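Below is one structure, written out as structure tokens; comments come after it.
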Amino acid sequence: MRGLLLGSALLLAACGKQGALAPVNRPAPQAPVGAVRAPTPQQMLQLDPQAVPARVDDQNTPLRDRAADPFNLPPPK
């Protein structure tokens, strides 16, 4: 049983494509509604600013002291 399982796992792992990949001949995507022409591939790869927010580098500011917590009680004895 174990040999059959190991053999099937090896056969399944060896079934990948070994040759070079060929381009698929598909039509280009249609232009969005309201656009004059379809965007180029470079325009489609550009991210909008909301997808890549500006980085915040203020992580190294000193921490503020916390106010006294009335619920921070010692454990019961």
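We name chains A, B, ... following the order of the structure tokens; residues begin at 1 in each chain, and ligands are numbered from 1 as shown.
Residues of region 12-45 of chain A that DSSP, applied to the backbone, places in alpha helix (DSSP H): A:Leu12, A:Ala13, A:Pro41, A:Gln42, A:Gln43, A:Met44, A:Leu45.
The gap separating CA of Pro27 (chain A) from CA of Met44 (chain A) is 15.3 Å, in Å to one decimal.
Our summary of the geometry notes that CA of Pro41 (chain A) is positioned 22.8 Å from CA of Ala20 (chain A).
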